[in-house]
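This is coords-v6.cif (mmCIF, C-alpha atoms).
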data_entry
#
loop_
_atom_site.group_PDB
_atom_site.id
_atom_site.type_symbol
_atom_site.label_atom_id
_atom_site.label_comp_id
_atom_site.auth_asym_id
_atom_site.auth_seq_id
_atom_site.Cartn_x
_atom_site.Cartn_y
_atom_site.Cartn_z
ATOM 1 C CA MET U 1 94.204 87.950 95.644
ATOM 2 C CA THR U 2 93.908 91.699 96.149
ATOM 3 C CA ASN U 3 93.247 93.042 92.639
ATOM 4 C CA ASP U 4 89.496 92.599 93.160
ATOM 5 C CA VAL U 5 89.784 95.727 95.330
ATOM 6 C CA ILE U 6 93.329 97.069 94.999
ATOM 7 C CA LEU U 7 94.525 97.741 91.469
ATOM 8 C CA ARG U 8 97.929 99.281 92.029
ATOM 9 C CA SER U 9 100.350 100.615 94.612
ATOM 10 C CA ARG U 10 102.350 103.800 94.133
ATOM 11 C CA VAL U 11 105.094 105.450 96.148
ATOM 12 C CA ARG U 12 106.034 109.039 95.383
ATOM 13 C CA ILE U 13 109.039 110.895 96.773
ATOM 14 C CA ALA U 14 109.402 114.673 96.382
ATOM 15 C CA ARG U 15 112.786 116.373 96.353
ATOM 16 C CA ASN U 16 114.103 119.879 95.690
ATOM 17 C CA ILE U 17 117.648 120.875 94.838
ATOM 18 C CA LYS U 18 119.450 123.173 97.261
ATOM 19 C CA ASP U 19 119.848 126.853 96.265
ATOM 20 C CA TYR U 20 117.140 126.783 93.579
ATOM 21 C CA PRO U 21 113.676 128.361 94.042
ATOM 22 C CA PHE U 22 110.580 126.189 93.750
ATOM 23 C CA PRO U 23 109.272 125.514 90.190
ATOM 24 C CA PRO U 24 106.564 128.225 90.079
ATOM 25 C CA VAL U 25 109.260 130.919 90.117
ATOM 26 C CA LEU U 26 112.006 129.062 88.254
ATOM 27 C CA ASN U 27 113.231 130.796 85.117
ATOM 28 C CA ASP U 28 114.008 128.812 82.003
ATOM 29 C CA ALA U 29 117.753 128.799 82.606
ATOM 30 C CA CYS U 30 117.311 127.266 86.063
ATOM 31 C CA ARG U 31 114.867 124.689 84.715
ATOM 32 C CA LYS U 32 117.432 123.685 82.116
ATOM 33 C CA GLU U 33 120.160 123.384 84.770
ATOM 34 C CA ILE U 34 117.967 121.191 86.975
ATOM 35 C CA ILE U 35 117.057 118.903 84.094
ATOM 36 C CA GLU U 36 120.738 118.548 83.194
ATOM 37 C CA LYS U 37 121.643 117.719 86.804
ATOM 38 C CA VAL U 38 119.009 114.989 87.047
ATOM 39 C CA THR U 39 119.862 113.566 83.628
ATOM 40 C CA THR U 40 123.564 113.430 84.518
ATOM 41 C CA ALA U 41 122.917 111.871 87.933
ATOM 42 C CA SER U 42 120.770 109.090 86.454
ATOM 43 C CA ALA U 43 122.977 108.421 83.416
ATOM 44 C CA GLY U 44 124.225 104.861 83.116
ATOM 45 C CA HIS U 45 121.610 103.457 85.496
ATOM 46 C CA GLY U 46 118.903 102.428 83.035
ATOM 47 C CA TYR U 47 116.976 105.716 82.978
ATOM 48 C CA ILE U 48 116.045 107.309 79.680
ATOM 49 C CA ASN U 49 114.727 110.774 78.894
ATOM 50 C CA ASP U 50 111.237 110.465 77.400
ATOM 51 C CA ASP U 51 111.377 113.122 74.675
ATOM 52 C CA LYS U 52 107.771 112.407 73.685
ATOM 53 C CA ILE U 53 106.585 114.243 76.792
ATOM 54 C CA ALA U 54 106.597 117.433 74.660
ATOM 55 C CA ASP U 55 103.617 115.992 72.769
ATOM 56 C CA ALA U 56 100.571 117.122 74.775
ATOM 57 C CA VAL U 57 98.400 114.194 73.692
ATOM 58 C CA TYR U 58 101.083 111.657 74.581
ATOM 59 C CA ALA U 59 101.627 113.359 77.942
ATOM 60 C CA HIS U 60 97.938 113.076 78.714
ATOM 61 C CA THR U 61 97.952 109.338 77.934
ATOM 62 C CA LEU U 62 100.481 108.975 80.755
ATOM 63 C CA SER U 63 98.347 111.080 83.091
ATOM 64 C CA GLU U 64 95.292 108.953 82.220
ATOM 65 C CA GLU U 65 97.253 105.980 83.527
ATOM 66 C CA ASN U 66 98.338 107.969 86.607
ATOM 67 C CA LEU U 67 101.988 107.530 85.630
ATOM 68 C CA ILE U 68 102.417 111.308 85.778
ATOM 69 C CA SER U 69 100.226 114.026 87.270
ATOM 70 C CA ARG U 70 97.649 115.910 85.225
ATOM 71 C CA GLU U 71 99.425 119.151 86.146
ATOM 72 C CA PHE U 72 102.716 117.822 84.777
ATOM 73 C CA ALA U 73 101.019 116.692 81.551
ATOM 74 C CA ALA U 74 99.657 120.217 81.061
ATOM 75 C CA GLU U 75 102.930 121.997 81.948
ATOM 76 C CA LYS U 76 103.888 124.669 79.417
ATOM 77 C CA GLU U 77 107.291 125.619 80.839
ATOM 78 C CA ARG U 78 110.451 123.545 80.319
ATOM 79 C CA HIS U 79 110.186 120.179 82.072
ATOM 80 C CA ALA U 80 111.371 116.605 81.568
ATOM 81 C CA LEU U 81 110.388 113.014 82.251
ATOM 82 C CA LEU U 82 112.839 110.204 82.903
ATOM 83 C CA LYS U 83 111.824 106.569 83.259
ATOM 84 C CA ASN U 84 113.600 103.281 83.803
ATOM 85 C CA GLU U 85 113.715 100.549 81.174
ATOM 86 C CA ASP U 86 110.915 98.545 82.821
ATOM 87 C CA CYS U 87 108.647 101.622 83.070
ATOM 88 C CA GLU U 88 108.191 100.958 86.781
ATOM 89 C CA THR U 89 109.785 104.172 88.020
ATOM 90 C CA TYR U 90 109.281 107.680 86.636
ATOM 91 C CA ILE U 91 111.047 110.933 87.517
ATOM 92 C CA MET U 92 109.050 114.096 86.842
ATOM 93 C CA VAL U 93 111.466 117.034 86.682
ATOM 94 C CA CYS U 94 110.046 120.513 87.368
ATOM 95 C CA GLU U 95 106.582 119.534 88.536
ATOM 96 C CA GLU U 96 105.297 120.979 91.847
ATOM 97 C CA ASP U 97 108.763 120.200 93.213
ATOM 98 C CA HIS U 98 112.046 119.927 91.308
ATOM 99 C CA LEU U 99 111.741 116.145 91.348
ATOM 100 C CA ARG U 100 108.816 113.819 91.838
ATOM 101 C CA ILE U 101 109.958 110.184 91.827
ATOM 102 C CA GLN U 102 107.078 107.738 91.324
ATOM 103 C CA SER U 103 107.339 103.962 91.439
ATOM 104 C CA PHE U 104 104.535 101.462 90.865
ATOM 105 C CA SER U 105 103.640 97.850 91.537
ATOM 106 C CA ASP U 106 100.532 95.811 90.776
ATOM 107 C CA GLY U 107 98.007 95.064 93.514
ATOM 108 C CA LEU U 108 98.957 95.729 97.126
ATOM 109 C CA ASP U 109 102.747 95.788 97.140
ATOM 110 C CA LEU U 110 103.850 99.083 98.630
ATOM 111 C CA ALA U 111 107.041 97.466 99.877
ATOM 112 C CA LYS U 112 108.246 96.807 96.331
ATOM 113 C CA ALA U 113 107.158 100.219 95.040
ATOM 114 C CA GLY U 114 108.813 101.875 98.026
ATOM 115 C CA GLU U 115 112.043 99.958 97.532
ATOM 116 C CA ARG U 116 112.261 101.117 93.907
ATOM 117 C CA ALA U 117 111.492 104.756 94.723
ATOM 118 C CA ILE U 118 114.003 104.878 97.577
ATOM 119 C CA GLU U 119 116.655 103.221 95.418
ATOM 120 C CA CYS U 120 116.121 105.878 92.748
ATOM 121 C CA GLU U 121 116.310 108.701 95.311
ATOM 122 C CA LYS U 122 119.558 107.327 96.766
ATOM 123 C CA LEU U 123 121.035 107.061 93.292
ATOM 124 C CA LEU U 124 120.269 110.720 92.546
ATOM 125 C CA SER U 125 121.391 111.942 95.981
ATOM 126 C CA LYS U 126 124.937 110.753 95.269
ATOM 127 C CA LYS U 127 125.347 113.571 92.754
ATOM 128 C CA ILE U 128 122.602 116.042 93.720
ATOM 129 C CA ASN U 129 122.462 118.086 96.932
ATOM 130 C CA PHE U 130 118.817 118.031 98.019
ATOM 131 C CA ALA U 131 117.335 120.790 100.198
ATOM 132 C CA PHE U 132 117.140 119.484 103.780
ATOM 133 C CA ASN U 133 116.518 120.899 107.241
ATOM 134 C CA SER U 134 117.393 119.045 110.442
ATOM 135 C CA ASP U 135 114.013 119.924 112.017
ATOM 136 C CA LEU U 136 111.698 119.818 108.992
ATOM 137 C CA GLY U 137 113.316 117.119 106.907
ATOM 138 C CA TYR U 138 113.301 117.451 103.113
ATOM 139 C CA LEU U 139 112.023 120.870 102.064
ATOM 140 C CA THR U 140 109.063 120.863 99.693
ATOM 141 C CA ARG U 141 106.779 123.419 98.102
ATOM 142 C CA CYS U 142 103.727 122.099 99.978
ATOM 143 C CA PRO U 143 104.135 121.921 103.779
ATOM 144 C CA THR U 144 102.198 118.631 103.964
ATOM 145 C CA ASN U 145 105.091 116.925 102.171
ATOM 146 C CA LEU U 146 107.784 117.987 104.655
ATOM 147 C CA GLY U 147 109.716 115.261 106.448
ATOM 148 C CA THR U 148 110.411 112.202 104.351
ATOM 149 C CA ALA U 149 108.361 113.811 101.543
ATOM 150 C CA MET U 150 106.957 110.369 100.771
ATOM 151 C CA ARG U 151 103.390 109.669 99.693
ATOM 152 C CA ALA U 152 102.366 105.993 99.764
ATOM 153 C CA SER U 153 99.082 105.348 97.985
ATOM 154 C CA VAL U 154 96.884 102.587 96.643
ATOM 155 C CA MET U 155 94.234 102.719 93.932
ATOM 156 C CA MET U 156 91.107 100.995 95.242
ATOM 157 C CA PHE U 157 87.869 99.880 93.600
ATOM 158 C CA LEU U 158 85.095 100.490 96.163
ATOM 159 C CA PRO U 159 81.664 100.148 94.516
ATOM 160 C CA ALA U 160 79.852 98.482 97.418
ATOM 161 C CA LEU U 161 81.028 100.959 100.064
ATOM 162 C CA THR U 162 79.999 103.783 97.720
ATOM 163 C CA MET U 163 76.587 102.332 96.845
ATOM 164 C CA THR U 164 75.797 101.783 100.530
ATOM 165 C CA HIS U 165 76.760 105.410 101.332
ATOM 166 C CA ARG U 166 79.609 104.477 103.662
ATOM 167 C CA MET U 167 82.401 106.467 102.030
ATOM 168 C CA GLY U 168 81.697 109.468 104.260
ATOM 169 C CA ASP U 169 82.454 107.342 107.319
ATOM 170 C CA VAL U 170 85.561 105.934 105.641
ATOM 171 C CA LYS U 171 86.818 109.456 104.946
ATOM 172 C CA THR U 172 86.196 110.555 108.536
ATOM 173 C CA GLN U 173 88.027 107.559 109.968
ATOM 174 C CA LEU U 174 90.969 108.044 107.623
ATOM 175 C CA GLU U 175 91.332 111.703 108.591
ATOM 176 C CA LYS U 176 91.512 110.708 112.259
ATOM 177 C CA ILE U 177 94.581 108.567 111.623
ATOM 178 C CA GLY U 178 96.406 110.957 109.287
ATOM 179 C CA MET U 179 95.277 109.398 106.028
ATOM 180 C CA THR U 180 93.321 110.863 103.116
ATOM 181 C CA ILE U 181 91.057 109.648 100.333
ATOM 182 C CA ARG U 182 90.825 111.212 96.885
ATOM 183 C CA GLY U 183 89.320 110.514 93.513
ATOM 184 C CA MET U 184 90.721 108.526 90.624
ATOM 185 C CA TYR U 185 93.217 111.237 89.655
ATOM 186 C CA GLY U 186 94.109 112.518 93.073
ATOM 187 C CA GLU U 187 93.314 115.870 94.657
ATOM 188 C CA GLY U 188 90.267 117.599 93.225
ATOM 189 C CA SER U 189 89.193 114.681 91.023
ATOM 190 C CA ASN U 190 86.038 112.571 91.119
ATOM 191 C CA ALA U 191 85.849 108.920 92.091
ATOM 192 C CA ASP U 192 84.994 107.847 88.542
ATOM 193 C CA ALA U 193 84.183 104.139 88.200
ATOM 194 C CA TYR U 194 84.225 103.943 92.026
ATOM 195 C CA MET U 195 88.010 104.353 91.979
ATOM 196 C CA TYR U 196 89.694 105.993 94.970
ATOM 197 C CA GLN U 197 93.242 106.812 95.989
ATOM 198 C CA ILE U 198 94.049 106.135 99.646
ATOM 199 C CA SER U 199 97.283 107.648 100.960
ATOM 200 C CA ASN U 200 99.068 109.177 103.929
ATOM 201 C CA ARG U 201 98.258 112.856 104.464
ATOM 202 C CA LEU U 202 101.467 113.924 106.243
ATOM 203 C CA SER U 203 105.018 112.610 106.207
ATOM 204 C CA LEU U 204 106.659 114.833 108.833
ATOM 205 C CA GLY U 205 107.647 112.788 111.894
ATOM 206 C CA HIS U 206 107.173 109.431 110.179
ATOM 207 C CA SER U 207 109.778 107.131 108.713
ATOM 208 C CA GLU U 208 109.438 105.724 105.206
ATOM 209 C CA GLN U 209 108.813 102.231 106.585
ATOM 210 C CA ASP U 210 106.115 103.506 108.953
ATOM 211 C CA LEU U 211 104.273 105.180 106.081
ATOM 212 C CA LEU U 212 104.468 102.100 103.864
ATOM 213 C CA SER U 213 103.335 99.725 106.618
ATOM 214 C CA LYS U 214 100.516 101.958 107.843
ATOM 215 C CA THR U 215 99.103 102.578 104.371
ATOM 216 C CA ALA U 216 99.232 98.857 103.555
ATOM 217 C CA ALA U 217 97.460 97.961 106.801
ATOM 218 C CA VAL U 218 94.725 100.559 106.211
ATOM 219 C CA ALA U 219 94.241 99.359 102.632
ATOM 220 C CA LYS U 220 93.801 95.779 103.840
ATOM 221 C CA ARG U 221 91.116 96.835 106.332
ATOM 222 C CA ILE U 222 89.218 98.851 103.733
ATOM 223 C CA ALA U 223 89.481 95.969 101.243
ATOM 224 C CA GLU U 224 87.943 93.601 103.760
ATOM 225 C CA ASP U 225 85.112 96.061 104.482
ATOM 226 C CA GLU U 226 84.471 96.368 100.735
ATOM 227 C CA ARG U 227 84.308 92.584 100.272
ATOM 228 C CA ASN U 228 81.855 92.247 103.160
ATOM 229 C CA ALA U 229 79.737 95.085 101.769
ATOM 230 C CA ARG U 230 79.684 93.424 98.336
ATOM 231 C CA SER U 231 78.421 90.155 99.749
ATOM 232 C CA ALA U 232 75.710 91.896 101.765
ATOM 233 C CA ALA U 233 74.630 94.127 98.870
ATOM 234 C CA PHE U 234 74.451 91.192 96.468
ATOM 235 C CA GLU U 235 72.380 89.083 98.840
ATOM 236 C CA ALA U 236 69.961 91.961 99.438
ATOM 237 C CA ASN U 237 69.606 93.033 95.791
ATOM 238 C CA LYS U 238 70.634 89.995 93.764
ATOM 239 C CA ASP U 239 68.246 90.416 90.806
ATOM 240 C CA VAL U 240 68.609 94.193 90.514
ATOM 241 C CA LEU U 241 72.404 94.078 90.709
ATOM 242 C CA THR U 242 72.699 91.158 88.301
ATOM 243 C CA ASP U 243 70.464 92.924 85.793
ATOM 244 C CA LYS U 244 72.533 96.119 86.038
ATOM 245 C CA ILE U 245 75.768 94.210 85.547
ATOM 246 C CA MET U 246 74.528 92.260 82.517
ATOM 247 C CA ARG U 247 73.004 95.366 80.900
ATOM 248 C CA SER U 248 76.329 97.151 81.372
ATOM 249 C CA LEU U 249 78.187 94.248 79.769
ATOM 250 C CA GLY U 250 75.754 94.315 76.854
ATOM 251 C CA THR U 251 76.323 98.042 76.383
ATOM 252 C CA LEU U 252 80.088 97.594 76.288
ATOM 253 C CA LYS U 253 79.845 94.742 73.787
ATOM 254 C CA TYR U 254 77.282 96.196 71.408
ATOM 255 C CA ALA U 255 77.150 99.991 71.685
ATOM 256 C CA HIS U 256 77.949 101.865 68.478
ATOM 257 C CA VAL U 257 78.660 105.160 70.278
ATOM 258 C CA ILE U 258 79.685 105.457 73.930
ATOM 259 C CA SER U 259 80.857 108.459 75.925
ATOM 260 C CA SER U 260 83.620 108.413 78.525
ATOM 261 C CA LYS U 261 81.097 108.736 81.346
ATOM 262 C CA GLU U 262 78.895 105.917 80.103
ATOM 263 C CA PHE U 263 81.946 103.731 79.571
ATOM 264 C CA LEU U 264 83.202 104.338 83.126
ATOM 265 C CA ASP U 265 79.777 103.585 84.584
ATOM 266 C CA CYS U 266 79.520 100.339 82.612
ATOM 267 C CA TYR U 267 83.135 99.398 83.333
ATOM 268 C CA ALA U 268 82.484 99.728 87.076
ATOM 269 C CA TYR U 269 79.455 97.421 87.033
ATOM 270 C CA VAL U 270 81.133 94.853 84.786
ATOM 271 C CA ARG U 271 84.210 94.848 87.018
ATOM 272 C CA LEU U 272 81.934 94.283 89.994
ATOM 273 C CA GLY U 273 80.292 91.456 88.065
ATOM 274 C CA SER U 274 83.707 89.956 87.413
ATOM 275 C CA VAL U 275 84.661 89.814 91.097
ATOM 276 C CA LEU U 276 81.194 88.463 91.961
ATOM 277 C CA LYS U 277 81.691 85.711 89.316
ATOM 278 C CA LEU U 278 78.661 86.868 87.334
ATOM 279 C CA CYS U 279 80.566 87.425 84.076
ATOM 280 C CA ASP U 280 83.697 85.896 82.600
ATOM 281 C CA VAL U 281 85.661 89.058 81.759
ATOM 282 C CA PRO U 282 88.784 89.064 83.994
ATOM 283 C CA CYS U 283 89.564 92.181 86.050
ATOM 284 C CA GLU U 284 93.028 92.355 84.488
ATOM 285 C CA LYS U 285 91.505 92.604 81.004
ATOM 286 C CA LEU U 286 89.007 95.238 82.091
ATOM 287 C CA ASP U 287 91.726 97.313 83.735
ATOM 288 C CA LYS U 288 93.761 97.403 80.521
ATOM 289 C CA LEU U 289 90.620 98.435 78.659
ATOM 290 C CA LEU U 290 90.089 101.237 81.183
ATOM 291 C CA TYR U 291 93.090 103.079 79.764
ATOM 292 C CA LYS U 292 92.633 102.087 76.113
ATOM 293 C CA ALA U 293 89.218 103.768 76.132
ATOM 294 C CA MET U 294 90.412 107.063 77.619
ATOM 295 C CA PRO U 295 90.239 110.209 75.401
ATOM 296 C CA ALA U 296 93.974 110.846 74.949
ATOM 297 C CA HIS U 297 94.647 107.169 74.218
ATOM 298 C CA ILE U 298 92.024 107.281 71.483
ATOM 299 C CA MET U 299 93.472 110.515 70.098
ATOM 300 C CA MET U 300 96.861 108.817 69.806
ATOM 301 C CA LEU U 301 95.240 106.186 67.561
ATOM 302 C CA ARG U 302 93.181 108.427 65.320
ATOM 303 C CA GLU U 303 94.004 111.891 64.037
ATOM 304 C CA ASN U 304 90.447 113.259 63.776
ATOM 305 C CA ALA U 305 89.527 111.988 67.248
ATOM 306 C CA GLU U 306 89.743 115.535 68.645
ATOM 307 C CA ASN U 307 86.017 115.638 67.871
ATOM 308 C CA SER U 308 84.153 114.164 70.857
ATOM 309 C CA HIS U 309 81.605 112.328 68.690
ATOM 310 C CA GLU U 310 84.390 110.669 66.698
ATOM 311 C CA ARG U 311 86.055 109.638 69.950
ATOM 312 C CA ASP U 312 82.805 108.145 71.211
ATOM 313 C CA LYS U 313 82.466 106.085 68.026
ATOM 314 C CA MET U 314 86.091 105.004 68.188
ATOM 315 C CA ARG U 315 85.747 104.105 71.864
ATOM 316 C CA ALA U 316 82.799 101.828 71.132
ATOM 317 C CA LYS U 317 84.782 100.112 68.376
ATOM 318 C CA ILE U 318 87.848 99.627 70.600
ATOM 319 C CA ILE U 319 85.743 98.160 73.401
ATOM 320 C CA LYS U 320 83.852 95.848 71.067
ATOM 321 C CA GLU U 321 87.062 94.494 69.514
ATOM 322 C CA TYR U 322 88.776 94.125 72.884
ATOM 323 C CA LEU U 323 85.944 92.220 74.526
#

Please render this file's structure as structure tokens.
Amino acid sequence: MTNDVILRSRVRIARNIKDYPFPPVLNDACRKEIIEKVTTASAGHGYINDDKIADAVYAHTLSEENLISREFAAEKERHALLKNEDCETYIMVCEEDHLRIQSFSDGLDLAKAGERAIECEKLLSKKINFAFNSDLGYLTRCPTNLGTAMRASVMMFLPALTMTHRMGDVKTQLEKIGMTIRGMYGEGSNADAYMYQISNRLSLGHSEQDLLSKTAAVAKRIAEDERNARSAAFEANKDVLTDKIMRSLGTLKYAHVISSKEFLDCYAYVRLGSVLKLCDVPCEKLDKLLYKAMPAHIMMLRENAENSHERDKMRAKIIKEYL
């Protein structure tokens, strides 16, 4: 079982179409042409155009689940989102690059996510001429994505390594081997609820399989370190940690008003309690609740939830009913 530490695997492939400038300087006509090319290339293969992406609140629910980037959710210029019928693979059109293909799998399964993303890219490449250089590989807006333009990442829950102040060492070690660690929502975000994204930093000079295998191996090592740190922390502070976990569970079950920050703090401790067998709320249930209690998700349920106090009341109600 890996979901005690690793929630989800994601593989992202960036591509740009030959003879078009990068998105920041694309005019509306070019954006429309690119969207039409991608839509045509994917037609008949189970991909649908998600028209709801024009709704800002809906778009942010997807970004809260890391299915699309926060930048894409906030995009004001013409853009499009295509997804397959199983909602396992998403194509962001006109994000930082012309295309960002993202595929997901539960737990540590980068091989499956990678297979889906590569299959999607091959499908599109049959009808779209992607920008490519024999020395640099696939051309991308950001130089760090040159080469295969693949980013293999895992979402990891690392409370014990964080509490014992070891994340600085983890970051240093990852940088030495060409990996990077970021917060819950990627670059520039915080590690809310002790959630981190671990991924390769560069793709130039590395094959897709190398990136997938290396990231999986690193994730396994970090997961083992986290499990060892949990056991040691619990043995050293059993009463204090148990009390914190049970108080957090009580807050989630009985609070009448709860902010996003307080919810994330409590969620993290209760999830830790779940993996330590101190409470009977499964991780899978908590992880679904993680998204249900996010601001945009709440706003989709209730019209007047634009007011933060109303959201906090609604969040408490959702949590109470769910648990």

If I put a ball of radius 12 Å at (117.0, 100.6, 85.5) in the file's coordinates, which residues poke into it when counting only C-alpha atoms, written as a ChimeraX atom specification?
/U:42-48,82-90,103,116-117,119-120,123

Using all atoms listed in the file, which of the listed residues (U:Phe132, U:Phe104, U:Tyr194, U:Tyr267) sits closest to U:Met163?
U:Tyr194

The PyMOL selection byres ((chain U and resi 222-225) around 12) on the file shown: which residues, as a PyMOL selection string?
chain U and resi 1-7+107-108+154-162+164+166-167+169-171+173-174+181+196-198+215-221+226-232

Who sits within 12 Å of stretch 52-61 of chain U, all atoms listed in the file, same chain under 5 positions skipped, as a ChimeraX atom specification:
/U:66-83,92-93,290-303,305-306

Among the residues U:Val38, U:Ala233, U:Ile128, U:Cys94, the one that comes closest to U:Asp19 [using only C-alpha atoms]:
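Smallest distance to U:Asp19 is found for U:Ile128.
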
For the structure shown, which residues end up in the PyMOL selection byres ((chain U and resi 213) around 12)? Put them as a ChimeraX atom specification, please?
/U:108-112,114,152-153,199-200,206-212,214-220

Please evaluate the PyMOL selection byres ((chain U and resi 263) around 10) against the structure above and give the resulting residues as number ranges by chain.
U: 193, 248, 251-252, 255, 257-262, 264-268, 290, 293-294, 312, 315-316, 319

Expressed in Å, the length from atom CA of U:Gly273 to atom CA of U:Phe234 is 10.2 Å

Any idea what's packed within 12 Å of U:Gly137, counting all atoms listed in the file, ignoring anything in its chain fewer than 5 positions away? Could you give it as an MDAnalysis selection string?
chainID U and resid 14:16 130:132 143:150 203:207

For stretch 96-102 of chain U, I'd like the enclosing box, axis-aligned and padded by 4 Å on every side, reported as JSON with centre and edge lengths in Å to one decimal.
{"center_x": 108.7, "center_y": 114.4, "center_z": 92.3, "size_x": 14.7, "size_y": 21.2, "size_z": 9.9}

Given the choices U:His98, U:Lys127, U:Lys288, U:Arg201, which gets closest to U:Ile35 if the distance is worked out from only C-alpha atoms?
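Under the stated criterion, the closest residue is U:His98.
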
Protein/DNA/RNA residues near (112.4, 126.5, 86.2), cut 9 Å, only C-alpha atoms, as a PyMOL selection string
chain U and resi 20-34+77-79+94+98

In Å and to one decimal, atom CA of U:Glu235 is distant from atom CA of U:Arg247 by 19.0 Å

Atom CA of U:Asp50 to atom CA of U:Glu187, distance in Å rounded to a single decimal:
25.5 Å
